[in-house]
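Okay, coords_27.cif is below, mmCIF, C-alpha atoms and all ligand atoms:
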data_upload
loop_
_atom_site.label_atom_id
_atom_site.label_comp_id
_atom_site.auth_asym_id
_atom_site.auth_seq_id
_atom_site.Cartn_x
_atom_site.Cartn_y
_atom_site.Cartn_z
CA MET A 1 101.11 96.13 86.73
CA ALA A 2 97.58 94.85 86.16
CA ALA A 3 97.05 91.45 84.58
CA GLN A 4 96.76 91.67 80.80
CA GLY A 5 93.18 92.39 79.89
CA VAL A 6 91.96 92.62 83.48
CA GLY A 7 92.33 96.28 84.33
CA ASN A 8 91.94 97.99 87.69
CA GLU A 9 88.46 99.21 86.80
CA ASP A 10 87.37 95.57 86.69
CA ARG A 11 88.55 95.12 90.23
CA ALA A 12 86.37 97.80 91.79
CA ILE A 13 83.75 95.27 92.80
CA ALA A 14 84.86 92.58 95.24
CA ARG A 15 85.35 89.11 93.82
CA ARG A 16 86.52 85.89 95.40
CA GLY A 17 90.10 85.21 94.40
CA ILE A 18 91.64 82.25 92.58
CA MET A 19 93.81 79.74 94.44
CA LEU A 20 96.70 79.11 92.05
CA VAL A 21 98.56 75.97 93.12
CA VAL A 22 101.98 75.23 91.60
CA SER A 23 103.68 71.88 92.26
CA SER A 24 106.78 70.15 90.91
CA PRO A 25 109.63 67.99 92.11
CA SER A 26 112.37 69.99 93.88
CA GLY A 27 114.69 71.61 91.35
CA ALA A 28 112.24 71.94 88.43
CA GLY A 29 112.20 75.74 88.73
CA LYS A 30 108.88 76.16 90.49
CA THR A 31 110.15 78.49 93.19
CA THR A 32 111.72 80.89 90.66
CA LEU A 33 108.51 80.87 88.61
CA THR A 34 106.28 81.57 91.60
CA ARG A 35 108.56 84.33 92.96
CA ASN A 36 108.64 86.00 89.52
CA LEU A 37 104.86 85.86 89.34
CA ILE A 38 104.49 87.56 92.72
CA GLU A 39 106.93 90.29 91.68
CA THR A 40 105.23 90.92 88.33
CA GLU A 41 101.54 90.56 89.03
CA GLU A 42 99.35 92.66 91.25
CA HIS A 43 96.33 91.30 93.13
CA ILE A 44 98.08 88.06 94.02
CA THR A 45 99.51 87.07 97.39
CA LEU A 46 102.01 84.28 98.04
CA SER A 47 100.92 81.88 100.74
CA VAL A 48 103.92 81.58 103.09
CA SER A 49 103.97 78.06 104.51
CA VAL A 50 105.12 76.93 107.91
CA THR A 51 107.80 74.24 107.95
CA THR A 52 109.82 72.24 110.45
CA ARG A 53 112.69 72.03 107.91
CA VAL A 54 116.01 73.68 108.72
CA ARG A 55 116.37 77.11 107.05
CA ARG A 56 118.73 77.28 104.05
CA PRO A 57 121.34 80.06 104.24
CA SER A 58 119.60 82.08 101.51
CA GLU A 59 116.15 81.85 103.10
CA ILE A 60 114.50 84.50 105.25
CA ASP A 61 112.13 83.56 108.05
CA GLY A 62 108.66 84.96 107.29
CA VAL A 63 109.45 85.49 103.59
CA HIS A 64 110.26 82.04 102.20
CA TYR A 65 108.74 80.10 105.08
CA HIS A 66 107.82 80.53 108.70
CA PHE A 67 110.36 78.20 110.29
CA ILE A 68 108.76 76.59 113.33
CA SER A 69 109.41 73.72 115.73
CA LYS A 70 107.71 70.32 115.49
CA ARG A 71 105.76 71.18 118.62
CA GLN A 72 104.51 74.49 117.16
CA PHE A 73 103.55 72.64 113.98
CA GLU A 74 101.61 70.05 115.96
CA ILE A 75 99.71 72.80 117.83
CA MET A 76 98.77 74.53 114.55
CA ARG A 77 97.74 71.26 112.94
CA SER A 78 95.60 70.04 115.84
CA SER A 79 93.86 73.41 116.32
CA ASP A 80 92.81 73.56 112.65
CA GLN A 81 95.05 76.51 111.85
CA LEU A 82 96.32 74.78 108.70
CA LEU A 83 94.34 74.65 105.48
CA GLU A 84 96.40 71.67 104.38
CA TRP A 85 99.60 70.00 105.53
CA ALA A 86 101.96 67.23 104.47
CA GLU A 87 105.19 65.50 105.31
CA VAL A 88 107.70 66.01 102.50
CA HIS A 89 111.27 64.64 102.55
CA GLY A 90 110.86 63.88 106.27
CA ASN A 91 109.83 67.45 107.22
CA CYS A 92 106.39 68.88 107.92
CA TYR A 93 104.96 71.68 105.78
CA GLY A 94 101.60 73.41 106.06
CA THR A 95 99.54 76.34 104.79
CA PRO A 96 98.33 78.74 107.50
CA ARG A 97 94.60 79.15 107.00
CA GLU A 98 93.94 82.68 108.19
CA PRO A 99 96.04 84.71 105.67
CA VAL A 100 94.55 82.70 102.77
CA GLU A 101 90.97 83.24 103.86
CA ARG A 102 91.63 86.94 104.42
CA ALA A 103 93.19 87.38 100.96
CA LEU A 104 90.43 85.46 99.17
CA ALA A 105 87.70 87.39 100.97
CA ALA A 106 89.38 90.63 99.86
CA GLY A 107 89.23 89.40 96.26
CA ARG A 108 92.95 88.74 95.97
CA ASP A 109 94.32 85.65 94.23
CA VAL A 110 96.58 83.40 96.30
CA LEU A 111 99.60 81.51 94.99
CA PHE A 112 100.65 78.23 96.63
CA ASP A 113 104.03 76.54 96.18
CA ILE A 114 103.02 73.19 97.66
CA ASP A 115 103.35 69.49 96.86
CA TRP A 116 100.75 67.11 95.37
CA GLN A 117 99.43 66.09 98.80
CA GLY A 118 98.65 69.72 99.60
CA ALA A 119 97.12 70.28 96.15
CA LEU A 120 94.83 67.30 96.70
CA GLN A 121 93.66 68.61 100.07
CA LEU A 122 92.89 72.05 98.64
CA TYR A 123 90.97 70.38 95.78
CA GLU A 124 88.92 68.42 98.28
CA ARG A 125 88.11 71.49 100.36
CA MET A 126 87.76 74.27 97.81
CA ARG A 127 87.56 72.70 94.33
CA ALA A 128 85.76 75.64 92.73
CA ASP A 129 88.51 78.08 93.72
CA VAL A 130 91.56 75.95 92.86
CA VAL A 131 93.55 76.12 89.61
CA SER A 132 96.56 73.82 89.58
CA VAL A 133 99.78 73.81 87.55
CA PHE A 134 102.42 71.08 87.51
CA VAL A 135 105.98 72.02 86.48
CA LEU A 136 108.09 69.24 84.93
CA PRO A 137 111.87 69.41 84.43
CA PRO A 138 113.07 68.95 80.83
CA SER A 139 115.05 65.81 81.73
CA ALA A 140 116.31 63.72 84.64
CA ALA A 141 119.89 64.93 84.06
CA GLU A 142 118.79 68.58 84.13
CA LEU A 143 116.85 68.04 87.36
CA LYS A 144 119.97 66.59 89.01
CA ALA A 145 122.14 69.41 87.66
CA ARG A 146 119.73 72.06 88.99
CA LEU A 147 119.66 70.51 92.45
CA GLU A 148 123.47 70.41 92.50
CA ARG A 149 123.78 73.99 91.19
CA ARG A 150 121.64 75.22 94.04
CA ALA A 151 124.45 73.92 96.30
CA GLU A 152 122.52 74.66 99.45
CA ASP A 153 121.72 71.07 100.35
CA SER A 154 124.02 68.21 101.30
CA GLU A 155 124.69 65.32 98.87
CA GLU A 156 122.48 63.13 101.00
CA ILE A 157 119.55 65.56 100.77
CA ILE A 158 120.01 65.93 97.00
CA ALA A 159 119.95 62.13 96.62
CA SER A 160 116.73 61.85 98.65
CA ARG A 161 115.08 64.66 96.63
CA LEU A 162 115.95 62.86 93.38
CA LYS A 163 114.47 59.67 94.76
CA ASN A 164 111.29 61.49 95.74
CA ALA A 165 111.04 63.24 92.34
CA ALA A 166 109.54 60.16 90.68
CA GLU A 167 106.79 59.97 93.28
CA GLU A 168 105.95 63.67 92.85
CA ILE A 169 106.05 63.47 89.03
CA ALA A 170 103.60 60.52 89.09
CA HIS A 171 100.88 63.00 90.09
CA TRP A 172 101.10 65.23 86.99
CA PRO A 173 97.78 63.97 85.51
CA GLU A 174 95.89 65.33 88.54
CA TYR A 175 96.68 68.95 87.58
CA ASP A 176 94.75 71.37 85.35
CA TYR A 177 97.87 72.61 83.50
CA VAL A 178 101.35 71.17 82.93
CA LEU A 179 104.46 73.17 82.03
CA VAL A 180 107.69 71.54 80.85
CA ASN A 181 110.27 74.01 82.10
CA ARG A 182 112.86 73.99 79.28
CA ASP A 183 113.23 77.74 79.27
CA LEU A 184 112.46 79.84 82.34
CA ASP A 185 111.24 82.91 80.41
CA LYS A 186 108.88 80.86 78.25
CA SER A 187 107.55 78.96 81.23
CA PHE A 188 107.00 82.22 83.08
CA THR A 189 105.06 83.71 80.16
CA ARG A 190 102.90 80.58 80.11
CA LEU A 191 102.29 80.69 83.85
CA ARG A 192 101.17 84.32 83.55
CA SER A 193 98.89 83.37 80.67
CA ILE A 194 97.27 80.69 82.81
CA LEU A 195 96.58 83.24 85.56
CA THR A 196 95.20 85.77 83.08
CA THR A 197 92.98 83.16 81.41
CA GLU A 198 91.58 81.94 84.71
CA ARG A 199 90.92 85.52 85.84
CA LEU A 200 88.96 86.15 82.65
CA LYS A 201 86.66 83.15 83.09
CA ARG A 202 83.09 84.28 83.46
CA VAL A 203 82.64 82.39 86.75
CA ASN A 204 85.52 84.39 88.24
CA ARG A 205 84.09 87.74 87.11
CA ALA A 206 81.67 88.75 89.87
CA ASP A 207 82.26 92.33 88.68
CA LEU A 208 80.61 91.72 85.31
CA GLU A 209 77.02 91.65 86.53
CA GLY A 210 77.25 95.23 87.78
CA PHE A 211 79.09 96.29 84.65
CA VAL A 212 76.52 94.78 82.30
CA GLY A 213 73.70 96.29 84.39
CA THR A 214 75.21 99.76 83.92
CA LEU A 215 75.80 99.06 80.24
CA LEU A 216 72.14 98.09 79.73
CA ASP A 217 70.94 101.15 81.69
CA GLY A 218 73.14 103.27 79.45
CA LEU A 219 71.67 101.66 76.36
CA LYS A 220 68.13 102.21 77.62
CA ALA A 221 68.91 105.87 78.19
CA ILE A 222 70.14 106.46 74.65
CA THR A 223 67.55 104.38 72.78
CA VAL A 224 63.93 105.36 72.27
P1 LIG B 301 111.57 72.75 99.98
O1 LIG B 301 112.02 72.06 101.24
O2 LIG B 301 112.43 72.41 98.80
O3 LIG B 301 111.37 74.23 100.18
O4 LIG B 301 110.11 72.18 99.66
C1 LIG B 301 109.90 70.80 99.54
C2 LIG B 301 108.52 70.56 98.98
O5 LIG B 301 107.52 70.91 99.93
C3 LIG B 301 108.22 71.36 97.74
O6 LIG B 301 107.63 70.51 96.77
C4 LIG B 301 107.22 72.38 98.19
O7 LIG B 301 106.34 72.75 97.16
C5 LIG B 301 106.50 71.62 99.28
N1 LIG B 301 105.81 72.52 100.21
C6 LIG B 301 106.21 73.72 100.65
N2 LIG B 301 105.32 74.26 101.48
C7 LIG B 301 104.30 73.38 101.55
C8 LIG B 301 103.04 73.38 102.23
O8 LIG B 301 102.66 74.30 102.96
N3 LIG B 301 102.25 72.29 102.05
C9 LIG B 301 102.61 71.25 101.26
N4 LIG B 301 101.75 70.25 101.13
N5 LIG B 301 103.78 71.22 100.61
C10 LIG B 301 104.61 72.26 100.75
#

Represent the structure from my file as structure tokens, please.
Amino acid sequence: MAAQGVGNEDRAIARRGIMLVVSSPSGAGKTTLTRNLIETEEHITLSVSVTTRVRRPSEIDGVHYHFISKRQFEIMRSSDQLLEWAEVHGNCYGTPREPVERALAAGRDVLFDIDWQGALQLYERMRADVVSVFVLPPSAAELKARLERRAEDSEEIIASRLKNAAEEIAHWPEYDYVLVNRDLDKSFTRLRSILTTERLKRVNRADLEGFVGTLLDGLKAITV
């Protein structure tokens, strides 16, 4: 499905893609929102991070993350293969550079499910391309309940994620958009609207110059 209002014909001419960064504390619903966006929208690629964290039973290597050793992570980091990286909850996470650059050069948008430290690094490197969204939980109690419902992490891990939530949430004012995720469907509609709006911005429409040129030629041809 094409984004609302941005049809395939608009895509014929290569454009540089948008880097859509979504952050939130663990358990606010960000992963569901980003996965839904990838399934619904065309022309957008999910950046699959590398992590030294242990794989959860429901996760697939290469789909949710590339699960790598600390040594492999260190090699990638020191050889500049990561666009950004951060330590979160005691584990290392990073964005492999090459797939992102390839997607952007092909005019595809790229979606990042990364924390505030990663968002900041992308801002510093590629401000003009980055659009950021922060997802807030509706309440502290709901955040705790969601982490417990997921039931894939130990009590100790859940407690540390709750402790870290305040630190993550403190960064909400640094983002372009903020969603309070009270209702997943509503939040998803809003996230899609953000993507559509950003795609329609004139600065992101490299295709328009050619289109307007043709339009003006057409006008010249039919006017005397
Ligand atoms: P989780 O372990 O729950 O999958 O992720 C923990 C946190 O790490 C989440 O906030 C997630 O967005 C963040 N994260 C995942 N991948 C990356 C990455 O490549 N870079 C950064 N900076 N954060 C990441």

### Query
Using only C-alpha atoms and all ligand atoms, what are the residues with an atom within 6 Å of ligand LIG 301 (chain B), set out as number ranges by chain?
A: 23-26, 49, 85-86, 88, 93-95, 113-115, 117-118

#### Entry: Nearest residue to Leu191 in chain A from the set A:Ala159, A:His43, A:Gly27, A:Phe134 (distances using all atoms listed in the file)
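Closest candidate: A:Phe134.
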
### Pick from A:Val110, A:Ala103, A:Glu168, A:Ala28 nearest to Pro138 in chain A, counting all atoms listed in the file
A:Ala28

### Message
I'd like the neighbourhood of range 173-178 of chain A as a ChimeraX atom specification, where a residue qualifies if any of its atoms comes within 6 Å (using only C-alpha atoms), though same-chain residues fewer than 5 positions away should be ignored.
### Response
/A:132-135

#### Entry: Point-to-point distance from CA of Thr32 in chain A to CA of Ile194 in chain A, Å rounded to tenths
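Answer for the CA of Thr32 in chain A to CA of Ile194 in chain A separation: 16.4 Å.
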
### Message
as a list in words, please: the residues near Ile68 in chain A (cut-off 9 Å, only C-alpha atoms, same-chain neighbours under 2 positions excluded).
### Response
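These residues fall inside the cut-off: Val50, Thr51, Thr52, Arg53, Tyr65, His66, Lys70, Arg71, Gln72 and Phe73 of chain A.
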
### Message
Just checking: using all atoms listed in the file, which residue out of A:Ile158, A:Leu215, A:Ile222, A:Val131 ends up closest to Lys201 in chain A?
### Response
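Using all atoms listed in the file, Lys201 in chain A sits closest to A:Val131.
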
### Query
CA of Asp129 in chain A and CA of Arg16 in chain A are how many Å apart?
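If I compute the distance from CA of Asp129 in chain A to CA of Arg16 in chain A, I get 8.2 Å.
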
### Message
Taking only C-alpha atoms into account, name the residue in A:Leu46, A:Met126, A:Leu162, A:Phe211 that is nearest to Ala141 in chain A.
### Response
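Looking only at the distances to Ala141 in chain A, the closest residue turns out to be A:Leu162.
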
### Query
Do you have the CA of Pro99 in chain A-CA of Gly62 in chain A distance handy?
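Value for the CA of Pro99 in chain A-CA of Gly62 in chain A distance: 12.7 Å.
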
### Query
Nearest to Ala170 in chain A: which of A:Val212, A:Ser79, A:Val48, A:Trp116 is it, counting only C-alpha atoms?
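Result for the nearest residue to Ala170 in chain A: A:Trp116.
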